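Source file: start37.cif; contents: mmCIF, C-alpha atoms.
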```cif
data_target
loop_
_atom_site.label_atom_id
_atom_site.label_comp_id
_atom_site.auth_asym_id
_atom_site.auth_seq_id
_atom_site.Cartn_x
_atom_site.Cartn_y
_atom_site.Cartn_z
CA ALA A 1 57.19 -87.84 -37.93
CA SER A 2 56.98 -84.63 -35.86
CA VAL A 3 58.60 -81.27 -35.18
CA ALA A 4 60.26 -82.81 -32.11
CA ALA A 5 61.74 -85.62 -34.25
CA ALA A 6 63.04 -83.08 -36.79
CA ARG A 7 64.73 -81.12 -34.01
CA THR A 8 66.36 -84.33 -32.71
CA ILE A 9 67.73 -84.98 -36.22
CA LEU A 10 69.04 -81.40 -36.42
CA THR A 11 70.78 -81.71 -33.06
CA ALA A 12 72.43 -84.98 -34.17
CA ALA A 13 73.53 -83.32 -37.44
CA GLU A 14 74.99 -80.40 -35.51
CA ALA A 15 76.92 -82.79 -33.22
CA ALA A 16 78.34 -84.47 -36.35
CA GLY A 17 79.41 -81.07 -37.75
CA LEU A 18 76.64 -81.07 -40.38
CA ALA A 19 74.25 -78.43 -39.06
CA PRO A 20 72.10 -76.75 -41.72
CA THR A 21 72.96 -73.24 -42.92
CA PRO A 22 71.10 -70.66 -45.03
CA GLN A 23 73.17 -71.86 -48.02
CA TYR A 24 72.52 -75.56 -47.24
CA PRO A 25 69.17 -75.83 -45.42
CA ALA A 26 67.53 -79.03 -44.21
CA TYR A 27 63.96 -79.91 -45.26
CA PHE A 28 61.37 -82.02 -43.44
CA ASP A 29 57.98 -83.35 -44.55
CA ILE A 30 55.92 -83.34 -41.35
CA GLY A 31 52.35 -84.45 -41.91
CA GLY A 32 52.35 -83.14 -45.49
CA ILE A 33 53.77 -79.70 -44.63
CA ILE A 34 57.31 -79.00 -45.80
CA TYR A 35 59.52 -77.19 -43.27
CA ARG A 36 62.96 -75.61 -43.79
CA ALA A 37 65.70 -75.33 -41.16
CA THR A 38 68.52 -72.87 -41.87
CA GLY A 39 70.46 -73.34 -38.63
CA ALA A 40 68.58 -70.59 -36.81
CA LYS A 41 67.59 -71.14 -33.20
CA LEU A 42 65.42 -69.22 -30.75
CA ASN A 43 66.25 -69.78 -27.09
CA SER A 44 68.43 -72.76 -28.12
CA VAL A 45 65.51 -74.40 -29.98
CA TRP A 46 65.77 -75.09 -33.73
CA THR A 47 63.55 -72.85 -35.86
CA LEU A 48 61.51 -74.72 -38.48
CA SER A 49 59.66 -72.54 -41.01
CA PRO A 50 56.91 -73.78 -43.34
CA ILE A 51 58.03 -73.44 -46.94
CA ASN A 52 54.84 -71.75 -48.17
CA GLU A 53 54.07 -69.77 -45.04
CA THR A 54 51.24 -67.28 -45.44
CA GLU A 55 52.57 -63.73 -45.61
CA VAL A 56 50.61 -61.29 -43.44
CA LYS A 57 50.86 -57.50 -43.27
CA VAL A 58 48.87 -55.31 -40.87
CA ASN A 59 48.77 -51.55 -41.41
CA SER A 60 46.75 -48.87 -39.61
CA TYR A 61 45.49 -45.30 -39.94
CA ALA A 62 45.86 -42.76 -37.13
CA GLY A 63 42.59 -40.91 -37.80
CA GLY A 64 41.65 -37.49 -39.05
CA THR A 65 39.04 -35.72 -41.15
CA VAL A 66 38.58 -36.21 -44.89
CA THR A 67 36.22 -34.13 -47.06
CA LYS A 68 35.76 -34.94 -50.74
CA GLY A 69 33.29 -34.38 -53.55
CA THR A 70 30.97 -36.81 -55.29
CA GLY A 71 32.59 -39.53 -57.38
CA THR A 72 35.99 -39.33 -55.70
CA GLN A 73 38.04 -41.75 -53.69
CA HIS A 74 40.57 -41.26 -50.88
CA ALA A 75 43.26 -43.82 -49.95
CA LEU A 76 43.45 -44.25 -46.18
CA ILE A 77 45.81 -47.20 -45.83
CA THR A 78 48.16 -48.70 -48.40
CA SER A 79 49.41 -52.15 -47.46
CA SER A 80 53.13 -52.76 -47.08
CA LEU A 81 52.76 -56.11 -48.91
CA PRO A 82 55.54 -56.15 -51.53
CA ALA A 83 55.77 -57.74 -54.97
CA ARG A 84 57.04 -61.33 -55.01
CA PRO A 85 58.53 -63.48 -57.81
CA TYR A 86 55.55 -65.89 -57.82
CA ASP A 87 51.77 -65.79 -58.33
CA ARG A 88 49.69 -65.32 -55.15
CA VAL A 89 46.13 -65.12 -54.02
CA VAL A 90 45.77 -61.99 -51.90
CA SER A 91 42.91 -61.58 -49.41
CA ALA A 92 42.31 -58.34 -47.54
CA GLN A 93 40.07 -57.22 -44.68
CA GLY A 94 39.75 -53.63 -43.59
CA MET A 95 37.83 -51.66 -41.00
CA VAL A 96 37.33 -47.98 -40.26
CA ASN A 97 35.51 -46.29 -37.39
CA ALA A 98 34.11 -42.90 -38.40
CA SER A 99 31.37 -40.33 -38.05
CA VAL A 100 30.11 -39.20 -41.45
CA SER A 101 28.06 -36.51 -43.11
CA GLY A 102 26.97 -37.20 -46.65
CA THR A 103 27.38 -40.45 -48.60
CA ILE A 104 30.59 -42.38 -47.90
CA GLY A 105 31.63 -45.96 -48.54
CA LEU A 106 34.60 -48.13 -47.66
CA ARG A 107 36.29 -50.50 -50.11
CA ILE A 108 39.51 -52.39 -50.65
CA LEU A 109 41.33 -52.15 -53.95
CA ILE A 110 43.68 -54.91 -55.14
CA LEU A 111 45.54 -54.10 -58.36
CA ASN A 112 43.26 -51.05 -58.60
CA ALA A 113 40.13 -53.25 -58.66
CA GLY A 114 37.58 -52.78 -55.90
CA GLY A 115 35.61 -55.35 -53.99
CA ALA A 116 32.24 -54.82 -52.38
CA THR A 117 31.59 -51.38 -50.89
CA ALA A 118 30.37 -51.01 -47.31
CA ARG A 119 28.48 -47.78 -46.59
CA TRP A 120 27.87 -45.60 -43.58
CA GLU A 121 24.42 -44.21 -42.99
CA THR A 122 24.25 -40.48 -43.70
CA GLY A 123 24.86 -38.65 -40.43
CA ALA A 124 26.31 -41.76 -38.72
CA GLY A 125 28.10 -41.19 -35.45
CA LEU A 126 31.23 -43.28 -34.82
CA GLN A 127 30.24 -46.48 -36.59
CA THR A 128 32.59 -49.16 -37.86
CA GLN A 129 32.38 -50.49 -41.39
CA THR A 130 34.35 -53.43 -42.76
CA ALA A 131 35.31 -54.29 -46.31
CA ILE A 132 36.82 -57.37 -47.94
CA ASN A 133 38.39 -58.22 -51.27
CA SER A 134 40.42 -61.02 -52.80
CA GLY A 135 42.32 -61.38 -56.05
CA VAL A 136 45.17 -63.07 -57.87
CA VAL A 137 48.38 -61.06 -58.11
CA PRO A 138 50.80 -62.18 -60.82
CA ALA A 139 54.51 -62.77 -60.19
CA GLY A 140 56.58 -59.60 -59.98
CA VAL A 141 53.56 -57.28 -59.72
CA ASP A 142 53.00 -54.78 -56.89
CA PRO A 143 49.68 -55.90 -55.33
CA GLN A 144 48.63 -52.28 -54.59
CA VAL A 145 46.27 -53.19 -51.75
CA ILE A 146 44.53 -50.01 -50.60
CA LEU A 147 41.76 -49.36 -48.07
CA ALA A 148 39.88 -46.36 -49.46
CA LEU A 149 36.91 -44.14 -48.76
CA THR A 150 34.53 -43.57 -51.68
CA PHE A 151 32.39 -40.45 -51.86
CA GLY A 152 28.94 -40.37 -53.45
CA GLY A 153 25.68 -38.49 -53.23
CA THR A 154 25.64 -34.83 -54.20
CA GLY A 155 28.13 -32.22 -53.03
CA ASN A 156 30.86 -32.80 -50.48
CA SER A 157 30.84 -35.52 -47.82
CA THR A 158 33.00 -35.65 -44.69
CA ALA A 159 34.39 -38.55 -42.65
CA THR A 160 35.78 -37.87 -39.20
CA ILE A 161 37.84 -40.97 -38.49
CA SER A 162 38.56 -42.25 -35.00
CA THR A 163 42.07 -41.83 -33.63
CA ALA A 164 41.83 -45.05 -31.58
CA ALA A 165 44.88 -47.21 -32.37
CA ASP A 166 42.85 -50.36 -32.99
CA ALA A 167 39.93 -48.84 -34.91
CA ASN A 168 41.32 -48.46 -38.44
CA ARG A 169 43.16 -51.45 -39.86
CA LEU A 170 44.02 -53.17 -43.11
CA ILE A 171 44.99 -56.84 -42.78
CA VAL A 172 46.35 -58.53 -45.89
CA GLU A 173 47.23 -62.19 -46.38
CA ALA A 174 49.10 -63.56 -49.40
CA LYS A 175 49.47 -67.24 -50.29
CA PRO A 176 51.51 -68.68 -53.15
CA ILE A 177 49.50 -70.48 -55.84
CA THR A 178 50.32 -72.78 -58.73
CA MET A 179 52.24 -71.10 -61.53
CA SER A 180 50.83 -72.06 -64.93
#
```
If you convert what's in this file into structure tokens, what do you get?
Amino acid sequence: ASVAAARTILTAAEAAGLAPTPQYPAYFDIGGIIYRATGAKLNSVWTLSPINETEVKVNSYAGGTVTKGTGTQHALITSSLPARPYDRVVSAQGMVNASVSGTIGLRILILNAGGATARWETGAGLQTQTAINSGVVPAGVDPQVILALTFGGTGNSTATISTAADANRLIVEAKPITMS
């Protein structure tokens, strides 16, 4: 009926010598969410993990200056999200704070496919742009989630990216989906 009730059951099982283990976990349906207990505890409290917990990876960029020519792209942040043995929907949000000269955009690639491109105004001083993208990543495939600068216009363009620790991030969420 509740997480508290599941923990009471686990404590009773442990007292009877039947505590769950990683090899023989216990499962609970609590309000339609399936939880797994592997015997782990934190501060003497049973740990219950949702079976299909959303996987989240946050990566950042320390800043610097990037100059590129028209029609090129530069990867700033590559997500640490790994391949998994099941299909997933992957959603990504990224932000970069930069001063720019020329024509520069920000986009997120998933499986080498870009989403919408956010653009800085030419000559922008320390402005933040955000980009989003979402896609289905098949089982066993590296999602290749990359936050990238795109360079347009004519000639070279330059982005001077903030070195603030919280100014340049890529946040990626992955959720398992039905395998068909």
I'd like the contact shell of range 139-147 of chain A - 9 Å cut-off, all atoms listed in the file, skipping same-chain residues fewer than 5 positions apart - returned as a ChimeraX atom specification.
/A:74-88,90,92-95,106-112,131,169-170,172,179
Generate the output file for the selected residues, C-alpha atoms, as a compact mmCIF listing (two decimals), in the coordinates of the input.
```txt
# COMPACT_ATOMS: atom_id res chain seq x y z
CA HIS A 74 40.57 -41.26 -50.88
CA ALA A 75 43.26 -43.82 -49.95
CA LEU A 76 43.45 -44.25 -46.18
CA ILE A 77 45.81 -47.20 -45.83
CA THR A 78 48.16 -48.70 -48.40
CA SER A 79 49.41 -52.15 -47.46
CA SER A 80 53.13 -52.76 -47.08
CA LEU A 81 52.76 -56.11 -48.91
CA PRO A 82 55.54 -56.15 -51.53
CA ALA A 83 55.77 -57.74 -54.97
CA ARG A 84 57.04 -61.33 -55.01
CA PRO A 85 58.53 -63.48 -57.81
CA TYR A 86 55.55 -65.89 -57.82
CA ASP A 87 51.77 -65.79 -58.33
CA ARG A 88 49.69 -65.32 -55.15
CA VAL A 90 45.77 -61.99 -51.90
CA ALA A 92 42.31 -58.34 -47.54
CA GLN A 93 40.07 -57.22 -44.68
CA GLY A 94 39.75 -53.63 -43.59
CA MET A 95 37.83 -51.66 -41.00
CA LEU A 106 34.60 -48.13 -47.66
CA ARG A 107 36.29 -50.50 -50.11
CA ILE A 108 39.51 -52.39 -50.65
CA LEU A 109 41.33 -52.15 -53.95
CA ILE A 110 43.68 -54.91 -55.14
CA LEU A 111 45.54 -54.10 -58.36
CA ASN A 112 43.26 -51.05 -58.60
CA ALA A 131 35.31 -54.29 -46.31
CA ARG A 169 43.16 -51.45 -39.86
CA LEU A 170 44.02 -53.17 -43.11
CA VAL A 172 46.35 -58.53 -45.89
CA MET A 179 52.24 -71.10 -61.53
```
Report, in Å to a single decimal, how far apart CA of Lys41 in chain A and CA of Thr54 in chain A are.
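Computed distance, CA of Thr54 in chain A to CA of Lys41 in chain A, equals 20.8 Å.
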Ground truth for the PyMOL selection byres ((chain A and resi 156) around 6), written as number ranges by chain:
A: 68-69, 155, 157
Enumerate, as a PyMOL selection string, the residues matched when the PyMOL selection byres ((chain A and resi 168) around 6) is run on the file above.
chain A and resi 60-61+95-96+166-167+169
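Nearest-residue note for Arg119 in chain A: choosing from A:Gly39, A:Gly105, A:Gly63, A:Gly71, the minimum distance belongs to A:Gly105, counting all atoms listed in the file.
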Expand the PyMOL selection byres ((chain A and resi 58) around 6) into the individual residues it matches in the shown file, reporting them as a ChimeraX atom specification.
/A:57,59,170-171
Proximity to Leu149 in chain A - best of A:Thr70, A:Thr8, A:Thr163, A:Thr21, all atoms listed in the file:
A:Thr70
Do you have the CA of Glu14 in chain A-CA of Asn43 in chain A distance handy?
16.1 Å
Can you work out the spacing between CA of Thr117 in chain A and CA of Glu55 in chain A in Å, to one decimal?
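Atom-to-atom, CA of Thr117 in chain A and CA of Glu55 in chain A are spaced 24.9 Å apart.
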Distance criterion (all atoms listed in the file): nearest to Val137 in chain A out of A:Thr150, A:Thr178, A:Thr103, A:Thr158
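For Val137 in chain A, the nearest of the given residues is A:Thr178.
With only C-alpha atoms as the atoms that count, the minimum distance from Thr160 in chain A to the choices A:Ile177, A:Ala148, A:Ala98, A:Ala116 is reached by A:Ala98.
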Around all of range 91-109 of chain A's listed atoms, make the axis-aligned box with 8 Å on each side and tell me centre and edge lengths in Å to one decimal, as JSON.
```
{"center_x": 34.9, "center_y": -49.0, "center_z": -45.7, "size_x": 31.9, "size_y": 41.1, "size_z": 32.6}
```
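Residue nearest Ile9 in chain A, chosen from A:Gly31, A:Thr65, A:Trp46, A:Gln23 and counting all atoms listed in the file: A:Trp46.
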Go through A:Leu42, A:Leu48, A:Ile34, A:Ile104 one by one, measure the shortest atom-to-atom distance of each to Leu10 in chain A using only C-alpha atoms, and give the residue with the smallest value.
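Nearest to Leu10 in chain A: A:Leu48.
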